Structures are given as structure tokens and as C-alpha cells.
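Note: the block below is structure.cif and it holds mmCIF, C-alpha atoms.
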```cif
data_protein
#
loop_
_atom_site.label_atom_id
_atom_site.label_comp_id
_atom_site.auth_asym_id
_atom_site.auth_seq_id
_atom_site.Cartn_x
_atom_site.Cartn_y
_atom_site.Cartn_z
CA MET A 229 109.61 88.12 -4.87
CA ASP A 230 111.54 87.37 -8.08
CA ARG A 231 110.02 88.68 -11.28
CA PHE A 232 111.17 85.58 -13.14
CA ILE A 233 111.59 82.03 -11.88
CA ASP A 234 114.46 80.10 -13.41
CA ILE A 235 113.47 76.42 -13.39
CA SER A 236 116.54 75.21 -15.27
CA ALA A 237 119.16 72.84 -13.93
CA THR A 238 122.67 74.25 -13.67
CA ILE A 239 125.02 72.14 -15.77
CA ASN A 240 128.04 71.26 -13.66
CA SER A 241 130.05 68.23 -12.59
CA HIS A 242 127.60 67.51 -9.75
CA LEU A 243 124.44 67.36 -11.87
CA VAL A 244 122.42 64.14 -11.66
CA LEU A 245 122.66 62.17 -14.92
CA TRP A 246 120.54 59.51 -16.57
CA PRO A 247 122.17 56.08 -16.01
CA GLY A 248 124.74 55.35 -18.69
CA HIS A 249 125.06 58.92 -19.93
CA PRO A 250 128.57 60.36 -20.09
CA ALA A 251 130.02 62.59 -17.42
CA ILE A 252 129.89 66.34 -17.94
CA GLU A 253 133.27 67.76 -18.91
CA SER A 254 134.50 71.31 -19.33
CA ARG A 255 138.06 72.40 -20.01
CA ARG A 256 139.83 75.51 -21.17
CA MET A 257 141.52 75.47 -24.56
CA ARG A 258 142.62 79.03 -23.87
CA ASP A 259 143.18 80.14 -20.30
CA MET A 260 144.03 83.61 -18.99
CA ASP A 261 145.52 82.01 -15.86
CA LYS A 262 148.10 80.48 -18.20
CA GLY A 263 148.86 83.71 -20.04
CA ASP A 264 146.31 83.59 -22.86
CA ASP A 265 144.50 86.80 -23.83
CA CYS A 266 141.03 85.30 -23.15
CA ASN A 267 139.23 82.25 -21.79
CA VAL A 268 137.74 79.76 -24.26
CA SER A 269 136.12 76.57 -22.99
CA ILE A 270 135.30 73.24 -24.60
CA CYS A 271 132.26 71.50 -23.11
CA SER A 272 131.14 67.90 -23.50
CA PHE A 273 127.80 66.48 -22.35
CA CYS A 274 124.78 64.53 -23.55
CA ALA A 275 122.00 66.33 -25.43
CA HIS A 276 119.60 65.10 -22.72
CA VAL A 277 121.45 66.57 -19.76
CA GLY A 278 119.63 68.50 -17.03
CA THR A 279 116.74 70.62 -18.30
CA HIS A 280 116.30 69.57 -21.91
CA VAL A 281 113.86 69.22 -24.80
CA ASP A 282 113.22 65.94 -26.63
CA SER A 283 112.62 65.82 -30.36
CA PRO A 284 110.87 63.12 -32.43
CA LYS A 285 114.33 62.01 -33.58
CA HIS A 286 114.82 60.68 -30.03
CA PHE A 287 112.61 57.65 -30.75
CA PHE A 288 111.77 57.72 -34.46
CA LEU A 289 114.34 57.02 -37.19
CA ASP A 290 112.61 59.46 -39.55
CA GLY A 291 111.69 61.92 -36.80
CA GLU A 292 112.44 65.61 -37.00
CA GLY A 293 115.30 67.20 -35.09
CA VAL A 294 115.08 69.62 -32.21
CA GLU A 295 115.31 72.61 -34.55
CA SER A 296 111.87 71.69 -35.94
CA ILE A 297 109.94 71.61 -32.66
CA PRO A 298 106.98 74.04 -32.86
CA THR A 299 107.70 77.09 -30.72
CA ASP A 300 104.10 77.32 -29.49
CA GLY A 301 104.90 74.39 -27.21
CA LEU A 302 107.99 76.12 -25.86
CA ILE A 303 106.67 79.64 -25.30
CA GLY A 304 103.21 80.52 -24.04
CA ARG A 305 100.62 80.49 -21.31
CA ALA A 306 101.23 77.71 -18.85
CA PHE A 307 99.84 76.07 -15.76
CA VAL A 308 101.82 74.39 -12.98
CA ALA A 309 99.60 71.55 -11.74
CA ASP A 310 99.94 70.12 -8.24
CA LEU A 311 100.22 66.38 -8.86
CA THR A 312 102.10 65.60 -5.66
CA HIS A 313 99.36 63.18 -4.64
CA VAL A 314 100.35 60.77 -7.43
CA GLU A 315 102.40 57.87 -6.06
CA LYS A 316 103.59 56.19 -9.27
CA GLY A 317 102.35 57.24 -12.71
CA ILE A 318 100.22 60.21 -13.76
CA SER A 319 97.12 58.83 -15.45
CA LYS A 320 94.22 60.27 -17.41
CA ASP A 321 92.17 60.34 -14.22
CA ASP A 322 94.74 62.65 -12.63
CA LEU A 323 94.46 65.06 -15.55
CA LEU A 324 90.70 65.41 -15.96
CA PHE A 325 90.96 69.07 -14.92
CA LEU A 326 92.37 69.73 -18.41
CA ARG A 327 88.87 69.40 -19.85
CA LYS A 328 88.01 72.70 -18.19
CA ARG A 329 91.21 74.51 -19.09
CA LYS A 330 90.70 77.75 -20.97
CA ASP A 331 93.80 79.85 -20.65
CA PHE A 332 96.92 77.73 -21.12
CA ASP A 333 98.53 75.48 -23.71
CA ILE A 334 101.55 74.25 -21.75
CA LEU A 335 101.28 71.98 -18.72
CA LEU A 336 103.97 71.70 -16.07
CA MET A 337 103.54 68.71 -13.76
CA LYS A 338 104.80 69.25 -10.24
CA THR A 339 105.12 65.83 -8.61
CA ARG A 340 106.76 64.03 -5.74
CA ASN A 341 109.93 64.23 -7.80
CA SER A 342 110.08 67.80 -6.51
CA THR A 343 108.82 67.24 -2.97
CA GLN A 344 109.92 63.77 -1.86
CA LYS A 345 112.01 61.91 -4.43
CA ARG A 346 114.99 64.30 -4.22
CA THR A 347 115.73 63.68 -7.88
CA TRP A 348 118.09 66.66 -7.87
CA ASP A 349 120.38 64.87 -5.40
CA GLN A 350 120.46 61.38 -6.91
CA PHE A 351 118.87 59.37 -9.71
CA ASP A 352 115.81 57.51 -8.48
CA PRO A 353 114.36 54.93 -10.94
CA THR A 354 111.03 55.11 -9.08
CA TYR A 355 110.49 58.72 -10.22
CA ILE A 356 106.93 59.83 -10.98
CA TYR A 357 106.22 59.59 -14.71
CA LEU A 358 103.38 60.07 -17.20
CA GLU A 359 101.26 57.02 -18.03
CA PRO A 360 100.49 56.32 -21.72
CA ASP A 361 96.77 57.00 -21.19
CA GLY A 362 97.71 60.33 -19.61
CA ALA A 363 99.79 61.17 -22.67
CA GLU A 364 96.92 60.32 -25.03
CA PHE A 365 94.57 62.48 -22.97
CA ILE A 366 97.00 65.43 -23.06
CA LEU A 367 96.98 65.26 -26.85
CA GLU A 368 93.19 64.93 -26.87
CA CYS A 369 92.95 68.11 -24.83
CA GLY A 370 95.06 70.01 -27.35
CA MET A 371 98.05 70.77 -25.18
CA LYS A 372 101.09 72.06 -27.05
CA GLY A 373 103.77 71.52 -24.42
CA ILE A 374 104.25 69.10 -21.52
CA VAL A 375 106.87 69.58 -18.82
CA ILE A 376 107.96 67.26 -15.99
CA ASP A 377 110.21 67.65 -12.96
CA CYS A 378 112.59 64.74 -13.58
CA LEU A 379 114.95 63.49 -16.29
CA GLY A 380 112.37 61.22 -17.91
CA ILE A 381 108.67 61.44 -18.72
CA ASN A 382 108.40 57.73 -19.49
CA GLU A 383 108.31 54.98 -16.89
CA PHE A 384 111.91 53.86 -16.27
CA GLU A 385 111.12 50.18 -16.82
CA ASP A 386 109.04 50.63 -19.99
CA ALA A 387 111.43 49.46 -22.71
CA ARG A 388 108.87 50.35 -25.39
CA GLN A 389 109.02 54.03 -24.38
CA SER A 390 105.24 54.18 -24.85
CA THR A 391 104.68 57.65 -23.41
CA HIS A 392 107.54 59.20 -25.34
CA LYS A 393 106.30 57.79 -28.62
CA ILE A 394 102.71 58.95 -28.06
CA LEU A 395 103.84 62.49 -27.37
CA LEU A 396 106.58 62.77 -29.97
CA ARG A 397 104.85 61.17 -32.95
CA GLU A 398 104.12 63.64 -35.73
CA ASN A 399 105.92 66.37 -33.76
CA ARG A 400 102.63 67.40 -32.18
CA ILE A 401 103.82 68.47 -28.74
CA ALA A 402 106.97 69.79 -27.09
CA VAL A 403 108.36 67.51 -24.38
CA ILE A 404 110.51 69.22 -21.75
CA GLU A 405 112.18 67.17 -19.02
CA GLY A 406 114.36 67.95 -16.04
CA VAL A 407 112.87 71.22 -14.81
CA ASP A 408 113.25 72.25 -11.18
CA LEU A 409 109.83 72.91 -9.62
CA ARG A 410 110.86 72.52 -5.98
CA TYR A 411 110.18 76.15 -5.17
CA VAL A 412 107.35 76.86 -7.62
CA GLU A 413 103.79 77.29 -6.41
CA PRO A 414 101.00 75.73 -8.51
CA GLY A 415 99.10 78.17 -10.69
CA SER A 416 99.22 80.19 -13.91
CA TYR A 417 102.41 81.52 -15.49
CA PHE A 418 103.95 82.49 -18.79
CA PHE A 419 106.54 79.91 -19.85
CA ILE A 420 109.66 80.31 -21.97
CA CYS A 421 111.96 77.42 -22.84
CA LEU A 422 114.76 77.87 -25.37
CA PRO A 423 116.66 74.73 -26.38
CA ILE A 424 119.97 74.98 -28.22
CA LYS A 425 119.15 74.87 -31.93
CA LEU A 426 121.10 71.75 -32.88
CA GLU A 427 120.21 70.64 -36.40
CA GLY A 428 119.01 67.05 -36.59
CA SER A 429 119.53 66.41 -32.89
CA ASP A 430 117.35 64.07 -30.81
CA GLY A 431 117.30 66.66 -28.04
CA ALA A 432 119.03 69.69 -26.62
CA PRO A 433 119.74 71.33 -23.26
CA ALA A 434 117.52 74.33 -22.56
CA ARG A 435 117.02 77.37 -20.34
CA ALA A 436 113.48 77.45 -18.97
CA ILE A 437 111.82 80.22 -16.99
CA LEU A 438 108.40 81.08 -15.63
CA ILE A 439 107.02 84.61 -15.57
CA ARG A 440 104.36 85.50 -13.05
CA PRO A 441 101.07 86.66 -14.66
CA GLU A 442 101.21 90.10 -13.07
CA GLU A 443 104.67 90.67 -14.53
CA PHE A 444 103.61 89.54 -17.97
CA ARG A 445 100.55 91.79 -17.90
CA ALA A 446 102.77 94.69 -16.95
CA TRP A 447 104.57 94.24 -20.25
CA GLY A 448 101.27 94.43 -22.11
CA GLY A 449 101.01 90.67 -22.60
CA ILE A 450 98.09 88.41 -21.86
CA ALA A 451 98.48 85.63 -19.27
#
```
Show me, as C-alpha cells, the structure contained in the file I just sent.
Amino acid sequence: MDRFIDISATINSHLVLWPGHPAIESRRMRDMDKGDDCNVSICSFCAHVGTHVDSPKHFFLDGEGVESIPTDGLIGRAFVADLTHVEKGISKDDLLFLRKRKDFDILLMKTRNSTQKRTWDQFDPTYIYLEPDGAEFILECGMKGIVIDCLGINEFEDARQSTHKILLRENRIAVIEGVDLRYVEPGSYFFICLPIKLEGSDGAPARAILIRPEEFRAWGGIA
């Protein structure tokens, strides 16, 4: 059993992209195969590629950049919820268990995106998303971070981006999209997500991991 579970997408030329986003490119400006003394690469990709964090700047002209996202929504006690029964959008009724939560501040939503939609193989516009009333309820319950297993947390066809705006207004909660929960069992974990600290950016790619409670306790932590 792995001590840590890496739930990040690997950024490569085969990674599924949001429609309209540019292709991922990587090239060597210095190459040892061509006689240079070291390898140096230049990479080009969207800030919202693979596993990434959204900032308020994503949907608000005066919103803060990704460097200002509170870290308590990126690092802390977390719960992976089994929401694979949801067929379309995750609503408040699907999240009522949060009223009884006592030991986590970050919610990871494992959905049919992980088990049936195969969103890691191809983009599927019918992905499972978070309904606006679900987003309002998450804020009401005092969550600090919300994580979903697809490239978007908002319904694909909602041009108003209602869910995004509810969550991102006033920089109250960290929104992490594109995690890989295919092989993660529901339950309690310690969560760490570190986005690239891009000043003023509307988002940034991130490395996200889960630590099993027994491992975290062994370090003297509380999970």
C-alpha cells in the first residue's frame, strides 16, 4: 500500500484538454543529445491544464490571483465522498452529510467522472458537476476547499458560470479541478495541493496528493 496517493494528472501531449485550450508543447532549447552541456526545456500550456487550481481572477475582473488563495483550502484534513450515485449535477441534497462533518475542511467529490465517464481518456461534456445550490451549501457548511474529478466544476452548458462564481467570490474557498480519483477509496485523508505561484494568474497547474490518516498520525499530525 502506497504511503501517499498522487492524484495529479501527468502533463503530456496525450492529456485531455478543455475544448478550445491550446495543445501542450515542450521543446528543448538546450539538448545534450545535440552536444549541449545540459538539458533545458521550454514548456507551453494553459494555466487550467490537468490538475489545477482556479483563482477569483478566473471569473472576476477585480478578482485576486492564484498567489492569494488561502492555503487552508489547499492543505488540511480532507474527506473523499462517494458521489458516484449522482447522474448529472451534485446538489445540496447530495451533500447533506456535511452538516455532521467534524474533522475535515476540504471535500473531494468522487463521481462517475472517475468510474464511468472516462474523463481521463476523452473530454465528455456530460461530466458530473456541482450545482449552484450545492456550491452555496458548501460555503454554508464552512468548507475551505472543494475538489472535483474532472476539468470543470461548473455545468458545461451554463454560460453564466454560476457555480464558479459562487465559490470564487470573495476568495472564500479553494477550487481544485482535474484530480484523478479513479483508484482512491472514499474516506478520510490529509490533502496537500500546491499550485504554481503565478502572480495575478486566473489559475495554475498543481501537484495534489492524499496522505492516509495512519501515515499522517505517524508523523505526529492530527487527521
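Nearest to A:Val403 of all the residues A:Pro423, A:Gly373, A:Gly428, A:Gly362 is A:Gly373, counting only C-alpha atoms.
Shortest separation to A:Glu443 among A:Leu335, A:Leu326, A:Ile233, A:Cys369 occurs at residue A:Ile233, atoms counted being all atoms listed in the file.
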Starting from the PyMOL selection byres ((chain A and resi 380) around 12), expand the selection into actual residues of this file and give them as a PDB file with C-alpha atoms, in the coordinates of the input.
```
ATOM      1  CA  LEU A 245     122.660  62.170 -14.920  1.00  0.00           C
ATOM      2  CA  TRP A 246     120.540  59.510 -16.570  1.00  0.00           C
ATOM      3  CA  PRO A 247     122.170  56.080 -16.010  1.00  0.00           C
ATOM      4  CA  HIS A 276     119.600  65.100 -22.720  1.00  0.00           C
ATOM      5  CA  VAL A 277     121.450  66.570 -19.760  1.00  0.00           C
ATOM      6  CA  GLY A 278     119.630  68.500 -17.030  1.00  0.00           C
ATOM      7  CA  THR A 279     116.740  70.620 -18.300  1.00  0.00           C
ATOM      8  CA  HIS A 280     116.300  69.570 -21.910  1.00  0.00           C
ATOM      9  CA  VAL A 281     113.860  69.220 -24.800  1.00  0.00           C
ATOM     10  CA  ASP A 282     113.220  65.940 -26.630  1.00  0.00           C
ATOM     11  CA  GLY A 317     102.350  57.240 -12.710  1.00  0.00           C
ATOM     12  CA  ASN A 341     109.930  64.230  -7.800  1.00  0.00           C
ATOM     13  CA  THR A 347     115.730  63.680  -7.880  1.00  0.00           C
ATOM     14  CA  PHE A 351     118.870  59.370  -9.710  1.00  0.00           C
ATOM     15  CA  ASP A 352     115.810  57.510  -8.480  1.00  0.00           C
ATOM     16  CA  PRO A 353     114.360  54.930 -10.940  1.00  0.00           C
ATOM     17  CA  THR A 354     111.030  55.110  -9.080  1.00  0.00           C
ATOM     18  CA  TYR A 355     110.490  58.720 -10.220  1.00  0.00           C
ATOM     19  CA  ILE A 356     106.930  59.830 -10.980  1.00  0.00           C
ATOM     20  CA  TYR A 357     106.220  59.590 -14.710  1.00  0.00           C
ATOM     21  CA  LEU A 358     103.380  60.070 -17.200  1.00  0.00           C
ATOM     22  CA  GLU A 359     101.260  57.020 -18.030  1.00  0.00           C
ATOM     23  CA  ILE A 374     104.250  69.100 -21.520  1.00  0.00           C
ATOM     24  CA  VAL A 375     106.870  69.580 -18.820  1.00  0.00           C
ATOM     25  CA  ILE A 376     107.960  67.260 -15.990  1.00  0.00           C
ATOM     26  CA  ASP A 377     110.210  67.650 -12.960  1.00  0.00           C
ATOM     27  CA  CYS A 378     112.590  64.740 -13.580  1.00  0.00           C
ATOM     28  CA  LEU A 379     114.950  63.490 -16.290  1.00  0.00           C
ATOM     29  CA  ILE A 381     108.670  61.440 -18.720  1.00  0.00           C
ATOM     30  CA  ASN A 382     108.400  57.730 -19.490  1.00  0.00           C
ATOM     31  CA  GLU A 383     108.310  54.980 -16.890  1.00  0.00           C
ATOM     32  CA  PHE A 384     111.910  53.860 -16.270  1.00  0.00           C
ATOM     33  CA  GLU A 385     111.120  50.180 -16.820  1.00  0.00           C
ATOM     34  CA  ASP A 386     109.040  50.630 -19.990  1.00  0.00           C
ATOM     35  CA  GLN A 389     109.020  54.030 -24.380  1.00  0.00           C
ATOM     36  CA  THR A 391     104.680  57.650 -23.410  1.00  0.00           C
ATOM     37  CA  HIS A 392     107.540  59.200 -25.340  1.00  0.00           C
ATOM     38  CA  VAL A 403     108.360  67.510 -24.380  1.00  0.00           C
ATOM     39  CA  ILE A 404     110.510  69.220 -21.750  1.00  0.00           C
ATOM     40  CA  GLU A 405     112.180  67.170 -19.020  1.00  0.00           C
ATOM     41  CA  GLY A 406     114.360  67.950 -16.040  1.00  0.00           C
ATOM     42  CA  VAL A 407     112.870  71.220 -14.810  1.00  0.00           C
TER      43      VAL A 407
END
```
Which residues of stretch 284-367 of chain A have any atom within 12 Å of an atom in stretch 395-399 of chain A when counting all atoms listed in the file, and what is the closest pair of atoms for each, with the distance in Å to one decimal? Order the rows by chain and rising number and write it as JSON lines.
```
{"residue": "A:Pro284", "atom": "CA", "partner": "A:Leu396", "partner_atom": "CA", "distance": 5.0}
{"residue": "A:Lys285", "atom": "CA", "partner": "A:Leu396", "partner_atom": "CA", "distance": 8.6}
{"residue": "A:His286", "atom": "CA", "partner": "A:Leu396", "partner_atom": "CA", "distance": 8.5}
{"residue": "A:Phe287", "atom": "CA", "partner": "A:Leu396", "partner_atom": "CA", "distance": 7.9}
{"residue": "A:Phe288", "atom": "CA", "partner": "A:Arg397", "partner_atom": "CA", "distance": 7.9}
{"residue": "A:Leu289", "atom": "CA", "partner": "A:Arg397", "partner_atom": "CA", "distance": 11.2}
{"residue": "A:Asp290", "atom": "CA", "partner": "A:Glu398", "partner_atom": "CA", "distance": 10.2}
{"residue": "A:Gly291", "atom": "CA", "partner": "A:Glu398", "partner_atom": "CA", "distance": 7.8}
{"residue": "A:Glu292", "atom": "CA", "partner": "A:Asn399", "partner_atom": "CA", "distance": 7.3}
{"residue": "A:Gly293", "atom": "CA", "partner": "A:Asn399", "partner_atom": "CA", "distance": 9.5}
{"residue": "A:Val294", "atom": "CA", "partner": "A:Asn399", "partner_atom": "CA", "distance": 9.8}
{"residue": "A:Glu295", "atom": "CA", "partner": "A:Asn399", "partner_atom": "CA", "distance": 11.3}
{"residue": "A:Ser296", "atom": "CA", "partner": "A:Asn399", "partner_atom": "CA", "distance": 8.3}
{"residue": "A:Ile297", "atom": "CA", "partner": "A:Asn399", "partner_atom": "CA", "distance": 6.7}
{"residue": "A:Pro298", "atom": "CA", "partner": "A:Asn399", "partner_atom": "CA", "distance": 7.8}
{"residue": "A:Thr299", "atom": "CA", "partner": "A:Asn399", "partner_atom": "CA", "distance": 11.3}
{"residue": "A:Asp300", "atom": "CA", "partner": "A:Asn399", "partner_atom": "CA", "distance": 11.9}
{"residue": "A:Gly301", "atom": "CA", "partner": "A:Asn399", "partner_atom": "CA", "distance": 10.4}
{"residue": "A:Leu358", "atom": "CA", "partner": "A:Leu395", "partner_atom": "CA", "distance": 10.5}
{"residue": "A:Glu359", "atom": "CA", "partner": "A:Leu395", "partner_atom": "CA", "distance": 11.1}
{"residue": "A:Pro360", "atom": "CA", "partner": "A:Leu395", "partner_atom": "CA", "distance": 9.0}
{"residue": "A:Asp361", "atom": "CA", "partner": "A:Leu395", "partner_atom": "CA", "distance": 10.9}
{"residue": "A:Gly362", "atom": "CA", "partner": "A:Leu395", "partner_atom": "CA", "distance": 10.1}
{"residue": "A:Ala363", "atom": "CA", "partner": "A:Leu395", "partner_atom": "CA", "distance": 6.3}
{"residue": "A:Glu364", "atom": "CA", "partner": "A:Leu395", "partner_atom": "CA", "distance": 7.6}
{"residue": "A:Phe365", "atom": "CA", "partner": "A:Leu395", "partner_atom": "CA", "distance": 10.3}
{"residue": "A:Ile366", "atom": "CA", "partner": "A:Leu395", "partner_atom": "CA", "distance": 8.6}
{"residue": "A:Leu367", "atom": "CA", "partner": "A:Leu395", "partner_atom": "CA", "distance": 7.4}
```
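Pairwise distance (atom CA of A:Leu409, atom CA of A:Leu336) equals 8.8 Å.
For the atom pair formed by atom CA of A:Arg440 and atom CA of A:Arg231, the distance is 6.7 Å, given to one decimal.
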- Task: For A:Leu422, list every protein, DNA or RNA residue within 9 Å, evaluated using all atoms listed in the file, and leave out those in the same chain fewer than 4 positions away; present the list as a PyMOL selection string.
- Result: chain A and resi 281+299+302-303+433-436
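The two atoms in question, atom CA of A:Leu323 and atom CA of A:Asp310, are spaced 10.4 Å apart.
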- Could you pull out every residue with an atom within 12 Å of (99.1, 72.9, -12.9), file coordinates, counting all atoms listed in the file, and send them as number ranges by chain? A: 305-312, 322-326, 329, 331-339, 374-376, 409, 412-417
Please dump the current selection as a compact mmCIF listing (two decimals), in the frame of the given file; keep C-alpha atoms.
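Just written: out_9.txt:
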```txt
# COMPACT_ATOMS: atom_id res chain seq x y z
CA ARG A 305 100.62 80.49 -21.31
CA ALA A 306 101.23 77.71 -18.85
CA PHE A 307 99.84 76.07 -15.76
CA VAL A 308 101.82 74.39 -12.98
CA ALA A 309 99.60 71.55 -11.74
CA ASP A 310 99.94 70.12 -8.24
CA LEU A 311 100.22 66.38 -8.86
CA THR A 312 102.10 65.60 -5.66
CA ASP A 322 94.74 62.65 -12.63
CA LEU A 323 94.46 65.06 -15.55
CA LEU A 324 90.70 65.41 -15.96
CA PHE A 325 90.96 69.07 -14.92
CA LEU A 326 92.37 69.73 -18.41
CA ARG A 329 91.21 74.51 -19.09
CA ASP A 331 93.80 79.85 -20.65
CA PHE A 332 96.92 77.73 -21.12
CA ASP A 333 98.53 75.48 -23.71
CA ILE A 334 101.55 74.25 -21.75
CA LEU A 335 101.28 71.98 -18.72
CA LEU A 336 103.97 71.70 -16.07
CA MET A 337 103.54 68.71 -13.76
CA LYS A 338 104.80 69.25 -10.24
CA THR A 339 105.12 65.83 -8.61
CA ILE A 374 104.25 69.10 -21.52
CA VAL A 375 106.87 69.58 -18.82
CA ILE A 376 107.96 67.26 -15.99
CA LEU A 409 109.83 72.91 -9.62
CA VAL A 412 107.35 76.86 -7.62
CA GLU A 413 103.79 77.29 -6.41
CA PRO A 414 101.00 75.73 -8.51
CA GLY A 415 99.10 78.17 -10.69
CA SER A 416 99.22 80.19 -13.91
CA TYR A 417 102.41 81.52 -15.49
```
I need the residue set behind the PyMOL selection byres ((chain A and resi 250) around 12) for this file; please write it as an mmCIF file with C-alpha atoms, keeping the file's coordinate frame.
```
data_model
loop_
_atom_site.group_PDB
_atom_site.id
_atom_site.type_symbol
_atom_site.label_atom_id
_atom_site.label_comp_id
_atom_site.auth_asym_id
_atom_site.auth_seq_id
_atom_site.Cartn_x
_atom_site.Cartn_y
_atom_site.Cartn_z
ATOM 1 C CA SER A 241 130.050 68.230 -12.590
ATOM 2 C CA LEU A 243 124.440 67.360 -11.870
ATOM 3 C CA VAL A 244 122.420 64.140 -11.660
ATOM 4 C CA LEU A 245 122.660 62.170 -14.920
ATOM 5 C CA TRP A 246 120.540 59.510 -16.570
ATOM 6 C CA PRO A 247 122.170 56.080 -16.010
ATOM 7 C CA GLY A 248 124.740 55.350 -18.690
ATOM 8 C CA HIS A 249 125.060 58.920 -19.930
ATOM 9 C CA ALA A 251 130.020 62.590 -17.420
ATOM 10 C CA ILE A 252 129.890 66.340 -17.940
ATOM 11 C CA GLU A 253 133.270 67.760 -18.910
ATOM 12 C CA SER A 272 131.140 67.900 -23.500
ATOM 13 C CA PHE A 273 127.800 66.480 -22.350
ATOM 14 C CA CYS A 274 124.780 64.530 -23.550
ATOM 15 C CA ALA A 275 122.000 66.330 -25.430
ATOM 16 C CA HIS A 276 119.600 65.100 -22.720
ATOM 17 C CA VAL A 277 121.450 66.570 -19.760
#
```
